[in-house]
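**Student:** Quick one: the structure is below, and I'll ask about it shortly.
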Amino acid sequence: MLERARDFKQNIEKKAAGIFKERERFDNFAVVFPGQGGLKPGIGKELYEAHQIVRDYAAVAEELLGVSITKLSWNSTKEELVDTRINQLLTFFWSHANYAVWEKQWRSEHWGKRPTPKYFAGDSLGQINALVVAGAIGFEEALKFVVVRGMAMHDACEQSPSSLLSLTVVDGDEEGSRQLDSIRHDLNFEDRGLYKKSDSSESQIVVGCSNFHLYDIYEKYLKNFDKVRVIRLPVEGAFHTPLMDPAVPAVEEILEEITVQKTRTPVIDNTSNTKLRSPKKIKKALIDHVTKPVEWAGTMKLFEVEGLDVIEINDKPLLTKMVKKQGIIEEIRDKALEVLEDNKGKTAIAVGGLTVVGAIAFVLVRNKNKDKEK
């Protein structure tokens, strides 16, 4: 009997230790969301067919915007998905859908409790997803914000065509790292017509510049760093740089029309690596976010210093890979630079006319006018 009592006590202690360890996991991690750039035709089809919660969110989006998220996702060509107006909307939606499915799975494995990470964060557009799940912005309000933001940034790209370049070196290449650091810390960087878009890792930075000057910048400056690989990214323009200044007024205006609340969980602002909680600070960060660079390496360093695990809400994790394995965004052949021979600075990536985006704009304007009439 005494031996059975001893075994019972040991089992209880073992279970208690397991429960304590499990509880530690509840707040010993950060959840991060990707930015735009990973869309492909057919995105989200399996997720939509497998989960009612995703179909519900799609129905809400269609009711609000007047367009079908699924048709937009599955019928758009690869070239059409580059369009910032579509890319930002779909990136936001499918990241949110992925999180909803992940959270549901988490609850089923943790006695119905919701996940309570120490922080949320997101690369570029992903920061809006982070703010939604942290309780700062409602899903419908965020949809409106993303649509207006995407349109404003698209218009800025149209007004002044620009590009983003990924500058990378092979991991472990000391001379390459030295050259990349030389570019990174160049005091005359902006005088050369270059702007830092993001500091992704020790082996990658992303820079933006006007298409009008891009060819000269490559030939007269970047080409001199022979160990640095220059790749033009498949996006419409130089996001998160001063070249997006024309988009700021529209972002400021829509922020005045949506409700922003204090977060339940801090969100790490990826431009300043500070904690976002108050509505005032969140709104300022969302405005700054349009023209300031993304310091993603700093965000990941913060998580590393605090000893946090990082969970990326993405079918194919890129953010954690980018830091841990020095991975890079899918390559566009170096030959893409040849299109810059067009001295008029036209955009190098052809984007089809998409009437569905016009429909979104019409619905938002119509709703805004109705509100004014009331």
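Going by the structure tokens order, chains are called A, B, ..., each with residues numbered from 1, while ligands are numbered from 1 in the order shown.
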Taking a cut-off of 10 Å and counting only C-alpha atoms, can you build a table that, for each residue of region 86-134 of chain A near region 36-52 of chain A, reports the nearest atom pair and how far apart they are in Å (one decimal), sorted by chain then residue number, as JSON lines?
**Tutor:**
{"residue": "A:Asn87", "atom": "CA", "partner": "A:Gln36", "partner_atom": "CA", "distance": 6.5}
{"residue": "A:Gln88", "atom": "CA", "partner": "A:Gln36", "partner_atom": "CA", "distance": 6.2}
{"residue": "A:Leu89", "atom": "CA", "partner": "A:Gln36", "partner_atom": "CA", "distance": 9.3}
{"residue": "A:Leu90", "atom": "CA", "partner": "A:Leu39", "partner_atom": "CA", "distance": 8.0}
{"residue": "A:Thr91", "atom": "CA", "partner": "A:Gln36", "partner_atom": "CA", "distance": 5.8}
{"residue": "A:Phe92", "atom": "CA", "partner": "A:Gln36", "partner_atom": "CA", "distance": 8.3}
{"residue": "A:Phe93", "atom": "CA", "partner": "A:Gly44", "partner_atom": "CA", "distance": 9.6}
{"residue": "A:Trp94", "atom": "CA", "partner": "A:Gly44", "partner_atom": "CA", "distance": 6.6}
{"residue": "A:Ser95", "atom": "CA", "partner": "A:Gly44", "partner_atom": "CA", "distance": 9.6}
{"residue": "A:Ala97", "atom": "CA", "partner": "A:Leu47", "partner_atom": "CA", "distance": 8.1}
{"residue": "A:Asn98", "atom": "CA", "partner": "A:Leu47", "partner_atom": "CA", "distance": 7.8}
{"residue": "A:Ala100", "atom": "CA", "partner": "A:His51", "partner_atom": "CA", "distance": 9.7}
{"residue": "A:Val101", "atom": "CA", "partner": "A:His51", "partner_atom": "CA", "distance": 7.4}
{"residue": "A:Asp123", "atom": "CA", "partner": "A:Gln36", "partner_atom": "CA", "distance": 8.6}
{"residue": "A:Ser124", "atom": "CA", "partner": "A:Gln36", "partner_atom": "CA", "distance": 7.6}
{"residue": "A:Leu125", "atom": "CA", "partner": "A:Gln36", "partner_atom": "CA", "distance": 6.5}
{"residue": "A:Gly126", "atom": "CA", "partner": "A:Gln36", "partner_atom": "CA", "distance": 7.8}
**Student:** Taking C-alpha atoms for each residue, export the selection above as a short mmCIF file (atom, residue, chain, number, x, y, z; two decimals), in the first residue's frame.
**Tutor:**
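Generated output (selection-v2.cif):
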data_model
loop_
_atom_site.label_atom_id
_atom_site.label_comp_id
_atom_site.auth_asym_id
_atom_site.auth_seq_id
_atom_site.Cartn_x
_atom_site.Cartn_y
_atom_site.Cartn_z
CA ASN A 87 -1.63 41.86 -53.27
CA GLN A 88 -2.10 43.71 -50.00
CA LEU A 89 -5.76 42.74 -49.68
CA LEU A 90 -5.17 39.05 -50.37
CA THR A 91 -1.99 38.87 -48.27
CA PHE A 92 -3.85 40.35 -45.32
CA PHE A 93 -6.90 38.12 -45.77
CA TRP A 94 -5.08 34.79 -46.12
CA SER A 95 -2.72 35.58 -43.24
CA ALA A 97 -7.42 33.07 -42.27
CA ASN A 98 -4.28 31.07 -41.52
CA ALA A 100 -7.84 31.70 -37.40
CA VAL A 101 -7.22 28.06 -38.35
CA ASP A 123 6.89 42.09 -41.51
CA SER A 124 5.63 45.10 -43.47
CA LEU A 125 1.91 44.53 -44.19
CA GLY A 126 1.94 41.69 -41.66
#
**Student:** If you run DSSP on the backbone here, which positions in region 121-192 of chain A get alpha helix (DSSP H)? Please write them as a ChimeraX atom specification.
**Tutor:** /A:126-133,139-159,174-184
**Student:** How would the residues just picked look written out with C-alpha atoms as a compact mmCIF listing (two decimals), in the first residue's frame?
**Tutor:**
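Ended up saving to out_14.txt:
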# COMPACT_ATOMS: atom_id res chain seq x y z
CA GLY A 126 1.94 41.69 -41.66
CA GLN A 127 2.01 44.30 -38.90
CA ILE A 128 -1.65 45.03 -39.65
CA ASN A 129 -2.47 41.33 -39.15
CA ALA A 130 -0.61 41.47 -35.86
CA LEU A 131 -2.64 44.48 -34.71
CA VAL A 132 -5.91 42.72 -35.58
CA VAL A 133 -5.22 39.54 -33.60
CA PHE A 139 -11.30 42.51 -38.96
CA GLU A 140 -13.76 44.58 -41.02
CA GLU A 141 -12.09 47.86 -40.10
CA ALA A 142 -8.73 46.37 -41.06
CA LEU A 143 -10.11 45.29 -44.45
CA LYS A 144 -11.12 48.89 -45.18
CA PHE A 145 -7.74 50.16 -44.06
CA VAL A 146 -5.80 47.63 -46.15
CA VAL A 147 -7.83 48.42 -49.29
CA VAL A 148 -7.29 52.17 -48.97
CA ARG A 149 -3.62 51.71 -48.05
CA GLY A 150 -3.07 49.43 -51.05
CA MET A 151 -4.74 51.87 -53.44
CA ALA A 152 -2.77 54.81 -52.09
CA MET A 153 0.54 52.97 -52.43
CA HIS A 154 -0.38 51.78 -55.93
CA ASP A 155 -1.14 55.38 -56.93
CA ALA A 156 2.23 56.47 -55.50
CA CYS A 157 3.92 53.83 -57.67
CA GLU A 158 2.03 55.11 -60.70
CA GLN A 159 2.97 58.74 -60.02
CA GLU A 174 33.63 37.63 -45.18
CA GLU A 175 34.47 39.89 -48.12
CA GLY A 176 30.82 39.89 -49.20
CA SER A 177 29.70 40.79 -45.68
CA ARG A 178 32.24 43.62 -45.59
CA GLN A 179 30.94 44.98 -48.89
CA LEU A 180 27.30 44.75 -47.76
CA ASP A 181 28.12 46.55 -44.51
CA SER A 182 29.86 49.24 -46.55
CA ILE A 183 26.60 49.81 -48.45
CA ARG A 184 24.50 49.52 -45.28
**Student:** Give me, please, the distance in Å between CA of Glu295 (chain A) and CA of Pro279 (chain A), quoted to one decimal.
**Tutor:**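 Computing the Euclidean distance for CA of Glu295 (chain A) and CA of Pro279 (chain A) yields 21.6 Å.
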**Student:** Give me the residues near region 115-120 of chain A as number ranges by chain, where near means some atom within 9 Å (using only C-alpha atoms) and where sequence neighbours in that chain fewer than 3 positions away do not count.
**Tutor:** A: 25-33, 103, 106-107, 110, 127, 130-131, 133-134, 265-268, 275, 303, 308
**Student:** Which of these, A:Arg229, A:Lys104, A:His240, A:Arg192, has the shortest distance to Asp216 (chain A) once you count only C-alpha atoms?
**Tutor:**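 For Asp216 (chain A), the nearest of the candidates is A:Arg192.
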**Student:** If we count only C-alpha atoms and set the cut-off at 7 Å, which residues sit around Thr168 (chain A), ignoring sequence neighbours fewer than 3 positions away in its own chain? Please answer as JSON, numbers by chain.
**Tutor:** {"A": [203, 204, 205, 228, 229, 230]}
**Student:** Apply DSSP to the structure's backbone, then extract all residues of region 148-207 of chain A labelled strand (DSSP E) and return them as a list in words.
**Tutor:** Ser162, Ser163, Leu164, Leu165, Ser166, Leu167, Thr168, Tyr195, Lys196, Lys197, Ser198, Asp199, Ser200, Ser201, Gln204, Ile205, Val206 and Val207 of chain A
**Student:** May I have the selected residues written with N, CA and C atoms, as a PDB file, in the first residue's frame?
**Tutor:**
ATOM      1  N   SER A 162       9.023  53.207 -59.253  1.00  0.00           N
ATOM      2  CA  SER A 162      10.194  52.910 -58.437  1.00  0.00           C
ATOM      3  C   SER A 162      10.353  51.405 -58.285  1.00  0.00           C
ATOM      4  N   SER A 163      11.462  50.992 -57.717  1.00  0.00           N
ATOM      5  CA  SER A 163      11.754  49.567 -57.584  1.00  0.00           C
ATOM      6  C   SER A 163      12.399  49.257 -56.236  1.00  0.00           C
ATOM      7  N   LEU A 164      12.310  47.985 -55.854  1.00  0.00           N
ATOM      8  CA  LEU A 164      13.032  47.472 -54.699  1.00  0.00           C
ATOM      9  C   LEU A 164      14.083  46.483 -55.176  1.00  0.00           C
ATOM     10  N   LEU A 165      15.275  46.586 -54.609  1.00  0.00           N
ATOM     11  CA  LEU A 165      16.366  45.674 -54.931  1.00  0.00           C
ATOM     12  C   LEU A 165      16.802  44.928 -53.692  1.00  0.00           C
ATOM     13  N   SER A 166      16.927  43.623 -53.805  1.00  0.00           N
ATOM     14  CA  SER A 166      17.461  42.808 -52.724  1.00  0.00           C
ATOM     15  C   SER A 166      18.970  42.714 -52.905  1.00  0.00           C
ATOM     16  N   LEU A 167      19.708  43.113 -51.884  1.00  0.00           N
ATOM     17  CA  LEU A 167      21.171  43.035 -51.908  1.00  0.00           C
ATOM     18  C   LEU A 167      21.588  41.942 -50.939  1.00  0.00           C
ATOM     19  N   THR A 168      22.136  40.855 -51.448  1.00  0.00           N
ATOM     20  CA  THR A 168      22.453  39.710 -50.601  1.00  0.00           C
ATOM     21  C   THR A 168      23.884  39.225 -50.833  1.00  0.00           C
ATOM     22  N   TYR A 195      17.303  54.345 -50.919  1.00  0.00           N
ATOM     23  CA  TYR A 195      16.664  54.393 -49.609  1.00  0.00           C
ATOM     24  C   TYR A 195      16.555  52.970 -49.071  1.00  0.00           C
ATOM     25  N   LYS A 196      16.868  52.803 -47.803  1.00  0.00           N
ATOM     26  CA  LYS A 196      16.763  51.469 -47.216  1.00  0.00           C
ATOM     27  C   LYS A 196      15.307  51.132 -46.970  1.00  0.00           C
ATOM     28  N   LYS A 197      14.853  49.997 -47.507  1.00  0.00           N
ATOM     29  CA  LYS A 197      13.484  49.539 -47.288  1.00  0.00           C
ATOM     30  C   LYS A 197      13.422  48.604 -46.092  1.00  0.00           C
ATOM     31  N   SER A 198      14.411  47.722 -45.962  1.00  0.00           N
ATOM     32  CA  SER A 198      14.412  46.820 -44.814  1.00  0.00           C
ATOM     33  C   SER A 198      15.802  46.264 -44.570  1.00  0.00           C
ATOM     34  N   ASP A 199      16.064  46.020 -43.295  1.00  0.00           N
ATOM     35  CA  ASP A 199      17.285  45.344 -42.881  1.00  0.00           C
ATOM     36  C   ASP A 199      16.841  43.968 -42.426  1.00  0.00           C
ATOM     37  N   SER A 200      16.911  42.993 -43.335  1.00  0.00           N
ATOM     38  CA  SER A 200      16.310  41.691 -43.083  1.00  0.00           C
ATOM     39  C   SER A 200      17.197  40.773 -42.263  1.00  0.00           C
ATOM     40  N   SER A 201      18.496  40.811 -42.527  1.00  0.00           N
ATOM     41  CA  SER A 201      19.432  39.942 -41.818  1.00  0.00           C
ATOM     42  C   SER A 201      20.842  40.443 -42.070  1.00  0.00           C
ATOM     43  N   GLN A 204      21.401  40.254 -45.841  1.00  0.00           N
ATOM     44  CA  GLN A 204      20.468  40.845 -46.796  1.00  0.00           C
ATOM     45  C   GLN A 204      19.927  42.183 -46.332  1.00  0.00           C
ATOM     46  N   ILE A 205      19.957  43.154 -47.234  1.00  0.00           N
ATOM     47  CA  ILE A 205      19.199  44.385 -47.043  1.00  0.00           C
ATOM     48  C   ILE A 205      18.405  44.600 -48.334  1.00  0.00           C
ATOM     49  N   VAL A 206      17.310  45.330 -48.219  1.00  0.00           N
ATOM     50  CA  VAL A 206      16.495  45.656 -49.392  1.00  0.00           C
ATOM     51  C   VAL A 206      16.473  47.169 -49.518  1.00  0.00           C
ATOM     52  N   VAL A 207      16.739  47.659 -50.721  1.00  0.00           N
ATOM     53  CA  VAL A 207      16.791  49.101 -50.945  1.00  0.00           C
ATOM     54  C   VAL A 207      15.832  49.484 -52.056  1.00  0.00           C
TER      55      VAL A 207
END
**Student:** Could you check the closest approach to Ser68 (chain A) for each of A:Val305, A:Ile231, A:Ile86, A:Ile137 and tell me which residue wins, using only C-alpha atoms?
**Tutor:**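 Among the listed residues, A:Ile86 lies closest to Ser68 (chain A).
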**Student:** How far is it from CA of Pro249 (chain A) to CA of Glu236 (chain A), in Å with one decimal?
**Tutor:**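 Rounded to one decimal, the two atoms are 19.5 Å apart.
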**Student:** Mind giving me the straight-line distance from CA of Thr70 (chain A) to CA of Ala58 (chain A) in Å, one decimal?
**Tutor:**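 Calculated distance between CA of Thr70 (chain A) and CA of Ala58 (chain A) is 7.4 Å.
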**Student:** Find the residue from A:Ile53, A:Glu62, A:Asp83, A:Pro246 that sits nearest to Pro234 (chain A); use only C-alpha atoms when measuring.
**Tutor:**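 Counting only C-alpha atoms, the residue closest to Pro234 (chain A) is A:Asp83.
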